[in-house]
$ cat target36.txt   # compact mmCIF, C-alpha atoms and all ligand atoms
# COMPACT_ATOMS: atom_id res chain seq x y z
CA MET A 1 45.24 7.11 -9.84
CA ASP A 2 46.58 7.81 -6.35
CA ALA A 3 45.30 6.61 -2.98
CA THR A 4 43.07 9.61 -2.46
CA GLY A 5 42.05 9.84 -6.10
CA TYR A 6 38.31 9.37 -5.75
CA ASP A 7 35.60 9.44 -3.08
CA VAL A 8 32.78 7.75 -4.94
CA VAL A 9 32.60 4.73 -7.23
CA LEU A 10 29.78 4.75 -9.78
CA LEU A 11 29.12 1.25 -11.12
CA ASP A 12 27.38 -0.02 -14.21
CA ILE A 13 25.80 -3.49 -13.78
CA GLU A 14 25.72 -5.56 -16.99
CA GLY A 15 29.26 -6.28 -18.16
CA THR A 16 30.67 -4.68 -14.99
CA THR A 17 29.44 -6.18 -11.68
CA THR A 18 27.39 -8.82 -13.47
CA PRO A 19 27.87 -10.96 -16.60
CA ILE A 20 26.54 -9.21 -19.70
CA SER A 21 24.45 -12.31 -20.43
CA PHE A 22 22.49 -12.15 -17.15
CA VAL A 23 19.48 -10.21 -18.44
CA HIS A 24 19.13 -12.15 -21.69
CA GLU A 25 20.07 -15.59 -20.41
CA VAL A 26 18.50 -15.48 -16.94
CA LEU A 27 15.95 -12.69 -16.41
CA PHE A 28 14.12 -12.79 -19.75
CA PRO A 29 13.97 -16.60 -19.95
CA TYR A 30 12.60 -16.66 -16.38
CA VAL A 31 9.64 -14.58 -17.56
CA ALA A 32 9.23 -16.52 -20.82
CA ASP A 33 9.33 -19.89 -19.04
CA SER A 34 7.07 -19.06 -16.12
CA VAL A 35 4.57 -16.48 -17.40
CA ALA A 36 1.89 -19.09 -18.34
CA GLU A 37 1.96 -20.72 -14.92
CA PHE A 38 2.29 -17.35 -13.21
CA LEU A 39 -0.88 -16.02 -14.86
CA ALA A 40 -2.73 -19.29 -14.25
CA THR A 41 -1.97 -19.39 -10.53
CA ARG A 42 -2.13 -15.66 -9.77
CA TRP A 43 -4.83 -14.49 -12.15
CA ALA A 44 -7.01 -13.14 -9.32
CA ASP A 45 -4.19 -11.06 -7.71
CA GLU A 46 -5.05 -7.39 -7.79
CA GLU A 47 -1.57 -6.44 -9.02
CA VAL A 48 -1.71 -9.05 -11.80
CA GLN A 49 -5.05 -7.63 -12.90
CA THR A 50 -3.58 -4.11 -12.98
CA HIS A 51 -0.87 -5.34 -15.36
CA VAL A 52 -3.46 -7.27 -17.42
CA GLN A 53 -5.45 -4.05 -17.88
CA ALA A 54 -2.32 -2.20 -19.03
CA ILE A 55 -1.47 -4.99 -21.49
CA ALA A 56 -5.05 -5.01 -22.85
CA ARG A 57 -4.95 -1.24 -23.30
CA GLN A 58 -1.65 -1.54 -25.17
CA ALA A 59 -2.97 -4.42 -27.32
CA ASN A 60 -6.01 -2.37 -28.35
CA GLU A 61 -3.79 0.62 -29.17
CA ASP A 62 -1.62 -1.68 -31.31
CA VAL A 63 -4.72 -2.88 -33.21
CA ALA A 64 -5.84 0.72 -33.71
CA ALA A 65 -2.36 1.61 -34.98
CA GLY A 66 -2.65 -1.16 -37.59
CA ILE A 67 0.14 -3.41 -36.29
CA ALA A 68 -0.36 -6.60 -38.31
CA SER A 69 0.02 -9.30 -35.64
CA ALA A 70 -1.78 -7.40 -32.86
CA VAL A 71 -4.89 -9.01 -31.34
CA GLY A 72 -7.39 -6.86 -29.45
CA ILE A 73 -8.43 -7.75 -25.90
CA ASP A 74 -11.95 -6.81 -24.80
CA LEU A 75 -11.95 -6.83 -20.99
CA ASP A 76 -15.73 -6.41 -20.88
CA ALA A 77 -16.85 -8.90 -23.53
CA ASP A 78 -14.16 -11.62 -23.54
CA SER A 79 -14.41 -14.45 -20.99
CA SER A 80 -11.78 -14.63 -18.27
CA ASP A 81 -10.15 -17.66 -19.95
CA GLU A 82 -10.16 -15.90 -23.27
CA ILE A 83 -8.57 -12.78 -21.80
CA ARG A 84 -5.88 -14.86 -20.13
CA ARG A 85 -5.13 -16.73 -23.36
CA LYS A 86 -4.90 -13.50 -25.34
CA VAL A 87 -2.77 -11.78 -22.69
CA LEU A 88 -0.39 -14.73 -22.67
CA ALA A 89 -0.15 -14.76 -26.48
CA ASN A 90 0.38 -11.00 -26.44
CA ILE A 91 3.24 -11.24 -23.91
CA GLU A 92 4.91 -14.04 -25.87
CA TRP A 93 4.63 -12.03 -29.08
CA GLN A 94 6.02 -8.87 -27.43
CA MET A 95 8.93 -10.72 -25.86
CA LYS A 96 9.80 -12.43 -29.12
CA ALA A 97 9.80 -9.03 -30.82
CA ASP A 98 11.93 -7.66 -27.91
CA ARG A 99 9.50 -4.82 -27.42
CA LYS A 100 10.37 -2.35 -24.65
CA ILE A 101 6.84 -1.23 -23.93
CA GLY A 102 5.74 -0.03 -20.50
CA ALA A 103 2.88 -2.51 -20.15
CA LEU A 104 5.20 -5.48 -20.75
CA LYS A 105 7.96 -4.07 -18.52
CA GLY A 106 5.45 -3.63 -15.71
CA LEU A 107 4.47 -7.29 -15.66
CA GLN A 108 8.09 -8.43 -16.13
CA GLY A 109 9.16 -6.28 -13.17
CA TYR A 110 6.43 -7.76 -11.02
CA MET A 111 7.42 -11.30 -11.97
CA TRP A 112 11.09 -10.59 -11.27
CA ARG A 113 10.26 -9.21 -7.83
CA PHE A 114 8.39 -12.42 -7.13
CA GLY A 115 11.26 -14.53 -8.55
CA PHE A 116 13.95 -12.78 -6.46
CA GLU A 117 11.92 -12.69 -3.26
CA SER A 118 11.06 -16.38 -3.55
CA GLY A 119 14.71 -17.34 -4.17
CA GLN A 120 14.15 -18.57 -7.73
CA LEU A 121 16.32 -15.73 -9.08
CA LYS A 122 19.67 -14.50 -7.77
CA GLY A 123 21.60 -11.49 -9.04
CA ALA A 124 24.82 -12.82 -10.60
CA MET A 125 27.92 -10.99 -9.33
CA TYR A 126 31.58 -11.23 -10.27
CA PRO A 127 33.32 -12.21 -6.99
CA ASP A 128 36.03 -9.52 -7.37
CA ALA A 129 33.32 -6.87 -7.82
CA VAL A 130 31.69 -7.93 -4.54
CA GLN A 131 35.07 -8.01 -2.74
CA ALA A 132 35.95 -4.58 -4.09
CA MET A 133 32.56 -3.17 -3.07
CA LYS A 134 33.16 -4.43 0.44
CA ARG A 135 36.63 -2.85 0.58
CA TRP A 136 35.47 0.46 -0.91
CA HIS A 137 32.70 0.54 1.66
CA GLU A 138 35.11 -0.24 4.53
CA SER A 139 37.50 2.49 3.43
CA GLY A 140 34.73 5.09 3.45
CA LYS A 141 34.22 5.39 -0.30
CA ARG A 142 30.59 5.57 -1.27
CA ILE A 143 29.20 3.34 -4.03
CA PHE A 144 26.41 4.30 -6.42
CA ILE A 145 24.86 2.30 -9.26
CA TYR A 146 23.94 3.67 -12.69
CA SER A 147 22.12 1.23 -14.97
CA SER A 148 19.50 1.35 -17.70
CA GLY A 149 17.44 -1.20 -15.75
CA SER A 150 14.93 0.41 -13.39
CA VAL A 151 16.04 1.33 -9.86
CA GLU A 152 13.54 -1.26 -8.61
CA ALA A 153 15.21 -3.99 -10.67
CA GLN A 154 18.69 -2.83 -9.57
CA LYS A 155 17.70 -3.17 -5.91
CA LEU A 156 16.49 -6.73 -6.55
CA ILE A 157 19.74 -7.74 -8.26
CA PHE A 158 21.91 -6.42 -5.40
CA GLY A 159 19.44 -7.22 -2.63
CA PHE A 160 19.09 -10.85 -3.69
CA SER A 161 22.52 -11.49 -5.19
CA ASP A 162 24.40 -14.78 -5.34
CA HIS A 163 26.67 -13.17 -2.68
CA GLY A 164 23.77 -12.23 -0.38
CA ASP A 165 22.26 -8.82 0.26
CA LEU A 166 24.74 -6.18 -0.95
CA GLN A 167 22.49 -3.16 -0.48
CA ASP A 168 24.33 -2.00 2.66
CA TYR A 169 27.36 -1.21 0.48
CA ILE A 170 25.34 0.97 -1.87
CA SER A 171 24.51 4.61 -1.15
CA GLY A 172 22.17 5.17 -4.08
CA TYR A 173 20.85 4.04 -7.46
CA TYR A 174 20.34 5.86 -10.75
CA ASP A 175 18.51 4.73 -13.86
CA THR A 176 17.80 6.54 -17.12
CA LYS A 177 15.46 8.96 -15.35
CA VAL A 178 18.67 10.95 -14.72
CA GLY A 179 19.36 10.86 -18.49
CA PRO A 180 20.68 8.39 -21.09
CA LYS A 181 23.89 6.58 -20.22
CA THR A 182 25.66 7.81 -23.34
CA SER A 183 25.02 11.49 -22.57
CA ALA A 184 27.64 13.54 -20.65
CA ALA A 185 24.89 15.62 -19.02
CA SER A 186 23.64 12.49 -17.18
CA TYR A 187 27.00 12.16 -15.41
CA SER A 188 27.02 15.87 -14.52
CA ASN A 189 23.51 15.41 -13.07
CA ILE A 190 24.68 12.45 -11.00
CA ALA A 191 27.74 14.34 -9.68
CA GLN A 192 25.53 17.25 -8.76
CA ASP A 193 23.03 14.97 -7.05
CA ILE A 194 25.79 13.23 -5.07
CA GLY A 195 27.21 16.66 -4.23
CA LEU A 196 30.77 16.07 -5.44
CA HIS A 197 32.98 17.52 -8.14
CA PRO A 198 32.88 15.02 -11.06
CA THR A 199 36.66 14.47 -10.81
CA ARG A 200 36.12 12.83 -7.38
CA ILE A 201 33.96 10.10 -8.94
CA LEU A 202 35.27 6.93 -10.60
CA PHE A 203 32.86 5.44 -13.16
CA ILE A 204 33.31 1.83 -14.24
CA SER A 205 31.52 0.40 -17.28
CA ASP A 206 32.04 -2.02 -20.17
CA ASN A 207 30.49 0.36 -22.69
CA ILE A 208 32.91 2.69 -24.49
CA LEU A 209 30.16 5.23 -25.32
CA GLU A 210 29.25 5.48 -21.63
CA ILE A 211 32.94 5.79 -20.71
CA GLN A 212 33.41 8.59 -23.25
CA ALA A 213 30.33 10.43 -21.98
CA ALA A 214 31.48 10.18 -18.36
CA ALA A 215 35.01 11.30 -19.28
CA LEU A 216 33.55 14.27 -21.11
CA ALA A 217 31.74 15.18 -17.89
CA GLU A 218 35.16 14.99 -16.13
CA LEU A 219 34.58 11.81 -14.17
CA GLN A 220 37.46 9.39 -13.77
CA VAL A 221 36.76 6.27 -15.81
CA ARG A 222 37.74 2.63 -16.01
CA ILE A 223 36.68 0.14 -18.68
CA SER A 224 35.43 -3.16 -17.29
CA VAL A 225 36.81 -6.07 -19.29
CA ARG A 226 34.79 -9.24 -18.69
CA PRO A 227 34.13 -12.46 -20.62
CA GLY A 228 31.50 -11.86 -23.30
CA ASN A 229 31.76 -8.05 -23.25
CA ALA A 230 31.99 -6.23 -26.57
CA ALA A 231 35.59 -5.77 -27.67
CA ILE A 232 37.09 -2.34 -27.01
CA SER A 233 39.25 -0.95 -29.79
CA ALA A 234 42.95 -0.89 -28.98
CA ASP A 235 43.23 2.86 -29.47
CA ALA A 236 40.69 3.72 -26.75
CA GLN A 237 42.99 5.52 -24.32
CA TYR A 238 41.12 4.77 -21.09
CA PRO A 239 42.44 2.42 -18.38
CA ARG A 240 40.93 -1.08 -18.25
CA SER A 241 40.35 -3.68 -15.54
CA THR A 242 39.66 -7.37 -15.55
CA ASP A 243 39.71 -7.52 -11.72
CA PHE A 244 38.33 -4.69 -9.55
CA MET A 245 40.60 -5.62 -6.63
CA THR A 246 43.41 -4.04 -8.66
CA ILE A 247 41.73 -0.62 -8.60
CA LEU A 248 41.12 -0.36 -4.88
CA LEU A 249 43.89 1.98 -3.75
MG MG B 1 27.19 -2.41 -19.05
$ encode --input "target36.txt" --output "structure tokens"
Amino acid sequence: MDATGYDVVLLDIEGTTTPISFVHEVLFPYVADSVAEFLATRWADEEVQTHVQAIARQANEDVAAGIASAVGIDLDADSSDEIRRKVLANIEWQMKADRKIGALKGLQGYMWRFGFESGQLKGAMYPDAVQAMKRWHESGKRIFIYSSGSVEAQKLIFGFSDHGDLQDYISGYYDTKVGPKTSAASYSNIAQDIGLHPTRILFISDNILEIQAAALAELQVRISVRPGNAAISADAQYPRSTDFMTILL
């Protein structure tokens, strides 16, 4: 890769800028540990009630679908305490089952926003990733993020990171609305949206399937090697990095 080899850096988050364990060891436990108190203290909030209604709707659909452990929630007949108890039990059950259902994600996202904005949560960043972002930015290269977490969650992680607010370095965010991360078409869509030929974009990720998809779409690629990432087979022919300061150029 030469000094003028790319104009844009497209970054994955988990396993790339951020430890792969962050979501499962920090973000999910934050929700699991604080959801009871959160619901107890904010039950009357309009936004909390909107999420409660979505969870109740989902719970009743689960009962109708015959899911064994599902418990219905009757917003009209149940008492407020009863609804809160059932909602809490429902959330705990869904999280234990690692369900990726919209109603659960909605409440989680709201709690994370609260956690980041109040300083209880900070987006974990590898220091070399932050340094490299700063240098890329200074040298006129634009940085974009592509992660399976929602754009809203991405902005929280970078906006409230353990290295401060990094959003000024970032020109844009993509989530799976642009397509799945293992599909080449998603990377073509991103290149088109940025307005560059794919070969002018360097994509960095820990996931070999994402790297293959991006390479197929003609992006330049780099495998992020970080502690705890899944091992990459020795015959994968793509370049690798343990320190992003080595790929500045
Ligand atoms: Mg990743």
$ residues_near_ligand --input "target36.txt" --ligand "ligand MG 1 (chain B)" --cutoff "9 Å" --atoms "all atoms listed in the file" --output "MDAnalysis selection string"
chainID A and resid 11:20 147:148 204:207 210 224 229
$ atom_distance --input "target36.txt" --atom1 "atom CA of Lys155 of chain A" --atom2 "atom CA of Gln167 of chain A"
7.2 Å
$ closest_residue --input "target36.txt" --among "A:Ser21, A:Gln53, A:Thr182, A:Thr199" --to "Arg226 of chain A" --atoms "all atoms listed in the file"
A:Ser21
$ closest_residue --input "target36.txt" --among "A:Tyr30, A:Phe116, A:Tyr238, A:Phe244" --to "Val130 of chain A" --atoms "all atoms listed in the file"
A:Phe244
$ residues_around --input "target36.txt" --residues "segment 120-122 of chain A" --least-positions-apart "6" --cutoff "8 Å" --atoms "all atoms listed in the file" --output "count of residues only"
6
$ residues_around --input "target36.txt" --residues "Pro239 of chain A" --least-positions-apart "6" --cutoff "9 Å" --atoms "only C-alpha atoms" --output "list of chain:residue names"
A:Val221, A:Arg222, A:Ile223
$ atom_distance --input "target36.txt" --atom1 "atom CA of Gly172 of chain A" --atom2 "atom CA of Ile145 of chain A"
6.5 Å
$ closest_residue --input "target36.txt" --among "A:Lys177, A:Lys141, A:Lys86, A:His163" --to "Leu202 of chain A" --atoms "all atoms listed in the file"
A:Lys141
$ closest_residue --input "target36.txt" --among "A:Gly109, A:Gly102, A:Pro29, A:Pro127" --to "Met245 of chain A" --atoms "all atoms listed in the file"
A:Pro127
$ atom_distance --input "target36.txt" --atom1 "atom CA of Ile73 of chain A" --atom2 "atom CA of Ile91 of chain A"
12.3 Å
$ closest_residue --input "target36.txt" --among "A:Ala40, A:Ala64, A:Ile232, A:Ala54" --to "Asn90 of chain A" --atoms "all atoms listed in the file"
A:Ala54
$ decode --input "target36.txt" --residues "segment 212-225 of chain A" --atoms "all heavy atoms" --output "short mmCIF file (atom, residue, chain, number, x, y, z; two decimals), in the first residue's frame"
data_model
loop_
_atom_site.label_atom_id
_atom_site.label_comp_id
_atom_site.auth_asym_id
_atom_site.auth_seq_id
_atom_site.Cartn_x
_atom_site.Cartn_y
_atom_site.Cartn_z
N GLN A 212 -13.51 -10.84 3.18
CA GLN A 212 -13.68 -11.47 1.86
C GLN A 212 -14.74 -10.74 1.03
O GLN A 212 -14.56 -10.52 -0.17
CB GLN A 212 -14.06 -12.95 2.02
CG GLN A 212 -12.88 -13.81 2.43
CD GLN A 212 -13.30 -15.20 2.93
OE1 GLN A 212 -14.45 -15.42 3.28
NE2 GLN A 212 -12.35 -16.11 2.99
N ALA A 213 -15.84 -10.37 1.69
CA ALA A 213 -16.92 -9.67 0.98
C ALA A 213 -16.44 -8.32 0.46
O ALA A 213 -16.70 -7.94 -0.69
CB ALA A 213 -18.13 -9.49 1.90
N ALA A 214 -15.70 -7.59 1.32
CA ALA A 214 -15.20 -6.27 0.92
C ALA A 214 -14.18 -6.40 -0.21
O ALA A 214 -14.17 -5.60 -1.16
CB ALA A 214 -14.58 -5.57 2.12
N ALA A 215 -13.32 -7.43 -0.12
CA ALA A 215 -12.31 -7.64 -1.17
C ALA A 215 -12.98 -7.98 -2.50
O ALA A 215 -12.55 -7.52 -3.57
CB ALA A 215 -11.34 -8.74 -0.75
N LEU A 216 -14.05 -8.74 -2.41
CA LEU A 216 -14.81 -9.09 -3.61
C LEU A 216 -15.40 -7.85 -4.27
O LEU A 216 -15.51 -7.75 -5.49
CB LEU A 216 -15.93 -10.06 -3.21
CG LEU A 216 -16.59 -10.91 -4.30
CD1 LEU A 216 -15.55 -11.81 -4.97
CD2 LEU A 216 -17.71 -11.75 -3.70
N ALA A 217 -15.75 -6.87 -3.44
CA ALA A 217 -16.29 -5.60 -3.95
C ALA A 217 -15.17 -4.63 -4.34
O ALA A 217 -15.43 -3.46 -4.61
CB ALA A 217 -17.20 -4.96 -2.90
N GLU A 218 -13.90 -5.13 -4.30
CA GLU A 218 -12.72 -4.37 -4.73
C GLU A 218 -12.23 -3.33 -3.74
O GLU A 218 -11.46 -2.43 -4.11
CB GLU A 218 -12.96 -3.68 -6.09
CG GLU A 218 -13.07 -4.64 -7.26
CD GLU A 218 -13.11 -3.86 -8.58
OE1 GLU A 218 -14.20 -3.44 -8.97
OE2 GLU A 218 -12.03 -3.68 -9.16
N LEU A 219 -12.67 -3.39 -2.49
CA LEU A 219 -12.08 -2.50 -1.50
C LEU A 219 -10.71 -3.05 -1.12
O LEU A 219 -10.45 -4.25 -1.27
CB LEU A 219 -12.95 -2.43 -0.23
CG LEU A 219 -14.15 -1.49 -0.27
CD1 LEU A 219 -15.29 -2.09 -1.08
CD2 LEU A 219 -14.64 -1.17 1.15
N GLN A 220 -9.83 -2.17 -0.64
CA GLN A 220 -8.61 -2.65 0.00
C GLN A 220 -9.00 -3.14 1.39
O GLN A 220 -9.92 -2.59 1.99
CB GLN A 220 -7.60 -1.52 0.12
CG GLN A 220 -7.15 -0.96 -1.22
CD GLN A 220 -6.12 0.13 -1.04
OE1 GLN A 220 -5.17 -0.03 -0.28
NE2 GLN A 220 -6.31 1.24 -1.75
N VAL A 221 -8.31 -4.16 1.88
CA VAL A 221 -8.71 -4.71 3.18
C VAL A 221 -7.52 -4.93 4.09
O VAL A 221 -6.39 -5.10 3.64
CB VAL A 221 -9.48 -6.05 3.02
CG1 VAL A 221 -10.82 -5.84 2.33
CG2 VAL A 221 -8.63 -7.08 2.29
N ARG A 222 -7.81 -4.95 5.38
CA ARG A 222 -6.80 -5.24 6.38
C ARG A 222 -7.49 -5.98 7.53
O ARG A 222 -8.52 -5.52 8.02
CB ARG A 222 -6.22 -3.89 6.85
CG ARG A 222 -5.10 -3.98 7.82
CD ARG A 222 -3.81 -4.48 7.22
NE ARG A 222 -3.16 -3.56 6.31
CZ ARG A 222 -1.85 -3.30 6.30
NH1 ARG A 222 -1.04 -3.89 7.17
NH2 ARG A 222 -1.33 -2.48 5.44
N ILE A 223 -6.93 -7.10 7.94
CA ILE A 223 -7.51 -7.84 9.06
C ILE A 223 -7.00 -7.26 10.37
O ILE A 223 -5.79 -7.10 10.55
CB ILE A 223 -7.14 -9.34 8.99
CG1 ILE A 223 -7.67 -9.97 7.70
CG2 ILE A 223 -7.69 -10.09 10.21
CD1 ILE A 223 -7.20 -11.41 7.47
N SER A 224 -7.92 -6.94 11.26
CA SER A 224 -7.56 -6.45 12.59
C SER A 224 -7.30 -7.63 13.51
O SER A 224 -8.18 -8.46 13.73
CB SER A 224 -8.70 -5.60 13.13
OG SER A 224 -8.55 -5.40 14.52
N VAL A 225 -6.09 -7.70 14.05
CA VAL A 225 -5.74 -8.78 14.97
C VAL A 225 -5.66 -8.19 16.37
O VAL A 225 -4.80 -7.35 16.65
CB VAL A 225 -4.39 -9.43 14.57
CG1 VAL A 225 -4.01 -10.53 15.55
CG2 VAL A 225 -4.47 -9.98 13.14
#
